[in-house]
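> Before I ask anything, let me first share the structure, which is written out below as structure tokens.
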Amino acid sequence: MKLLKFKILKTLFLFSILQCAEAQSTAWRFSKVLSPTGEMMNNATVVVQDNHIVGIYTDDKSLPKNISVNDLRPLTAIPGLIDAHTHITYYWDKAPGTNPWRDADKLNPAVIVFLAQENARKTLESGVTSVRDLGSFYGLDIAMRELINRGAMTGPRLFIAGNGLHVSRHPIDPNYIELDPGKAENINEVMKVTRQEIASGVDWIKIYASTGSGDDVTSVQQYTYEEMKIACDIAHQAGKRVAIHSYGPEAARDAIRAGAESIEHATGLNREDFELMNRHHCTYVPTVDHNRYYIDHHDEYGYTPEAIKNMQAYIQRNLETLKLAVQSNVKIAMGSDALFTGFGENTRELEWFVKAGMTPLEALNTATKNGAELLGKEKELGQVAPGFFADIVAVDGDPTKDINAVIKGVKWVMKDGKVVVDKLKMKNEK
């Protein structure tokens with residue numbers, strides 16, 4: 001009996017030691033840390049406990065006693081970045097004779113989720129620790145989100161939108177019946193599919209309100225104001241938010257009035273439209289860079305010279321609309337629209353923001369504070385501050401002076417209190 005009690009006490013003692021060890025703080029020193037006010041704190045140390053930031057110190061004397069400091073100088077610390085528009089489960093294995101669009105869903109769903117870890121890894125390497133993923137299939141995004149949340153897969157924090165509401169994508173074929181989750185072609189189907197998506201566990205409702213994707217840069221409206229409004233109402237009643245895809249202004253205008261939290265891509269919006277967005281607290285996610293990506297990777301997709309010319313023209317319309325949005329003080333969030341081989345290029349959108357008239361700090365805010373606010377996580381993400389998740393990115397340079405420090409200078413990434421990217425260590429090991 002005494003031996004049994006001793007074993008029990010020993011087990012409890014070891015358990016308490018492990019608990020204390022798990023709760024131990026870690027400290028990381030940087031040459032500069034971006035403060036919530038946008039100013040740089042020099043020679044600052046960030047203290048992390050479990051998965052939260054618990055303190056930031058510029059004076060070593062104020063540091064907790066007996067804490068070991070990891071020195072990451074001369075790097076600058078910024079918040080973990082937020083990509084507000086991706087398709088992270090769109091994976092292409094580059095097999096000879098295959099095409100990303102045509103063959104995206106040919107692999108077994110479980111195989112796709114496993115292989116899509118590459119997309120997740122590249123996303124983290126770009127400094128993006130949180131993603132709003134706006135469209136998947138086969139429930140792949142749900143599976144990936146759960147695997148990441150369980151710690152069984154390394155990847156960014158995912159906020160997902162499931163299938164996305166869309167009209168029919170195929171001509172009538174009497175010999176072929178396709179199960180097409182997300183397809184909704186009248187107001188009753190919109191109501192039904194919105195509820196089904198919510199029941200499946202999505203975080204967002206995505207609506208493809210116009211044509212436009214890949215080398216198709218048309219913008220024909222596909223959903224009416226009434227259809228978008230009922231989807232928004234149902235989503236809001238369930239505590240969900242709505243993102244609406246529109247390549248042109250017509251569907252976007254109805255989407256704003258319908259109550260969408262964000263408009264994706266839209267070109268051709270005018271000053272009155274942006275004033276309406278401001279009144280409705282609607283965020284603009286322009287995704288200018290995604291057509292640059294398609295042009296640069298045209299060989300992979302088999303895009304023709306005519307298609308490239310159309311995409312170049314769309315980029316210019318997109319950029320002009322973005323410039324007006326910046327002048328109108330519209331809330332803008334960074335979204336890459338990354339898919340297939342586009343991961344790792346997530347932050348190149350920021351360069352377009354600076355071209356459109358933003359300062360480097362304002363551009364950075366689109367991927368931090370604005371992204372967090374869009375997600376409804378402004379008290380948890382988007383800042384290096386006590387009480388926030390320990391999502392921290394260390395870059396080479398000062399991103400408030402040169403946005404390329406973010407686009408090209410990511411050296412180290414912490415997500416949820418764990419180091420997930422360490423290019424410094426990799427360099428030292430070579």
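Residues are referred to by chain and number: the chain letter is A, B, ... according to the order shown in the structure tokens, the number counts from 1 in that chain, and ligands are numbered separately from 1 in the order shown.
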Might you pull out every residue within 10 Å of Ile53 (chain A), with only C-alpha atoms counted and same-chain residues fewer than 3 positions away left off, and present them as a PyMOL selection string?
chain A and resi 25-27+46-50+56+383-392+416-417
> When you look at Lys192 (chain A) with a cut-off of 12 Å (counting only C-alpha atoms), what residues show up, excluding the ones that are within fewer than 4 positions of it in the same chain? I need them as a PDB file with N, CA and C atoms, in the first residue's frame.

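Saved result, part.pdb, follows:
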```pdb
ATOM      1  N   LEU A 165     -21.353  29.354 -52.605  1.00  0.00           N
ATOM      2  CA  LEU A 165     -22.591  29.292 -53.379  1.00  0.00           C
ATOM      3  C   LEU A 165     -22.306  29.712 -54.820  1.00  0.00           C
ATOM      4  N   PRO A 181     -22.306  20.134 -54.468  1.00  0.00           N
ATOM      5  CA  PRO A 181     -22.564  20.922 -53.262  1.00  0.00           C
ATOM      6  C   PRO A 181     -22.220  22.388 -53.507  1.00  0.00           C
ATOM      7  N   GLY A 182     -23.056  23.261 -53.017  1.00  0.00           N
ATOM      8  CA  GLY A 182     -22.834  24.682 -53.215  1.00  0.00           C
ATOM      9  C   GLY A 182     -23.650  25.259 -54.353  1.00  0.00           C
ATOM     10  N   LYS A 183     -24.152  24.403 -55.255  1.00  0.00           N
ATOM     11  CA  LYS A 183     -24.936  24.917 -56.379  1.00  0.00           C
ATOM     12  C   LYS A 183     -26.297  25.386 -55.887  1.00  0.00           C
ATOM     13  N   ALA A 184     -26.641  26.633 -56.225  1.00  0.00           N
ATOM     14  CA  ALA A 184     -27.916  27.218 -55.806  1.00  0.00           C
ATOM     15  C   ALA A 184     -28.375  28.163 -56.901  1.00  0.00           C
ATOM     16  N   GLU A 185     -29.532  27.883 -57.510  1.00  0.00           N
ATOM     17  CA  GLU A 185     -29.937  28.619 -58.706  1.00  0.00           C
ATOM     18  C   GLU A 185     -31.254  29.377 -58.569  1.00  0.00           C
ATOM     19  N   ASN A 186     -31.798  29.435 -57.368  1.00  0.00           N
ATOM     20  CA  ASN A 186     -32.956  30.298 -57.117  1.00  0.00           C
ATOM     21  C   ASN A 186     -32.965  30.612 -55.630  1.00  0.00           C
ATOM     22  N   ILE A 187     -33.864  31.465 -55.219  1.00  0.00           N
ATOM     23  CA  ILE A 187     -33.807  31.950 -53.847  1.00  0.00           C
ATOM     24  C   ILE A 187     -34.029  30.834 -52.827  1.00  0.00           C
ATOM     25  N   ASN A 188     -34.865  29.853 -53.151  1.00  0.00           N
ATOM     26  CA  ASN A 188     -35.083  28.737 -52.226  1.00  0.00           C
ATOM     27  C   ASN A 188     -33.823  27.888 -52.086  1.00  0.00           C
ATOM     28  N   GLN A 196     -27.051  24.614 -45.315  1.00  0.00           N
ATOM     29  CA  GLN A 196     -26.232  23.399 -45.369  1.00  0.00           C
ATOM     30  C   GLN A 196     -24.766  23.711 -45.111  1.00  0.00           C
ATOM     31  N   GLU A 197     -24.283  24.795 -45.691  1.00  0.00           N
ATOM     32  CA  GLU A 197     -22.887  25.181 -45.476  1.00  0.00           C
ATOM     33  C   GLU A 197     -22.632  25.501 -44.007  1.00  0.00           C
ATOM     34  N   ILE A 198     -23.562  26.221 -43.394  1.00  0.00           N
ATOM     35  CA  ILE A 198     -23.430  26.534 -41.966  1.00  0.00           C
ATOM     36  C   ILE A 198     -23.419  25.251 -41.143  1.00  0.00           C
ATOM     37  N   ALA A 199     -24.314  24.316 -41.498  1.00  0.00           N
ATOM     38  CA  ALA A 199     -24.390  23.047 -40.766  1.00  0.00           C
ATOM     39  C   ALA A 199     -23.103  22.233 -40.905  1.00  0.00           C
ATOM     40  N   GLU A 227     -31.327  37.471 -53.602  1.00  0.00           N
ATOM     41  CA  GLU A 227     -30.675  36.200 -53.284  1.00  0.00           C
ATOM     42  C   GLU A 227     -29.481  36.417 -52.356  1.00  0.00           C
ATOM     43  N   ILE A 230     -30.829  37.349 -48.731  1.00  0.00           N
ATOM     44  CA  ILE A 230     -31.336  36.254 -47.899  1.00  0.00           C
ATOM     45  C   ILE A 230     -30.180  35.395 -47.385  1.00  0.00           C
ATOM     46  N   ALA A 231     -29.140  35.224 -48.204  1.00  0.00           N
ATOM     47  CA  ALA A 231     -27.964  34.470 -47.746  1.00  0.00           C
ATOM     48  C   ALA A 231     -27.258  35.204 -46.615  1.00  0.00           C
ATOM     49  N   ILE A 234     -29.382  34.930 -43.358  1.00  0.00           N
ATOM     50  CA  ILE A 234     -29.286  33.605 -42.729  1.00  0.00           C
ATOM     51  C   ILE A 234     -27.914  33.436 -42.073  1.00  0.00           C
ATOM     52  N   ALA A 235     -26.870  33.860 -42.774  1.00  0.00           N
ATOM     53  CA  ALA A 235     -25.515  33.742 -42.225  1.00  0.00           C
ATOM     54  C   ALA A 235     -25.373  34.564 -40.948  1.00  0.00           C
TER      55      ALA A 235
END
```
> For region 374-380 of chain A, list every protein, DNA or RNA residue within 9 Å, evaluated using only C-alpha atoms, and leave out those in the same chain fewer than 2 positions away; present the list as a short mmCIF file (atom, residue, chain, number, x, y, z; two decimals) with C-alpha atoms, in the first residue's frame.

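File written: part-v3.cif
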```cif
data_model
loop_
_atom_site.label_atom_id
_atom_site.label_comp_id
_atom_site.auth_asym_id
_atom_site.auth_seq_id
_atom_site.Cartn_x
_atom_site.Cartn_y
_atom_site.Cartn_z
CA ALA A 84 -7.83 37.19 -46.40
CA ARG A 132 -9.39 33.11 -44.71
CA PHE A 159 -11.10 30.33 -41.34
CA ARG A 241 -19.89 36.46 -42.03
CA GLU A 261 -18.67 41.86 -44.81
CA SER A 262 -16.27 41.84 -47.75
CA CYS A 282 -17.67 46.51 -45.73
CA THR A 283 -14.05 45.58 -46.48
CA ALA A 333 -7.50 43.71 -46.45
CA LYS A 369 -5.02 44.95 -38.11
CA ASN A 370 -7.47 45.12 -41.02
CA GLY A 371 -7.35 41.39 -41.62
CA ALA A 372 -7.94 40.69 -37.95
CA GLY A 382 -2.90 41.35 -35.92
CA GLN A 383 -0.80 42.94 -33.16
CA GLY A 387 -2.98 39.20 -24.50
CA PHE A 388 -2.74 38.50 -28.22
CA PHE A 389 -1.88 35.15 -29.76
#
```
> Compare A:Asp233, A:Glu250, A:Asp141, A:Asp396 by their minimum atom-to-atom distance to Lys411 (chain A), counting only C-alpha atoms, and give me the closest one.
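Nearest candidate to Lys411 (chain A) out of A:Asp233, A:Glu250, A:Asp141, A:Asp396: A:Asp396.
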> Counting only C-alpha atoms, which of A:Val393, A:Met277, A:Ile160, A:Val242 gets nearest to Lys415 (chain A)?
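Smallest distance to Lys415 (chain A) is found for A:Val393.
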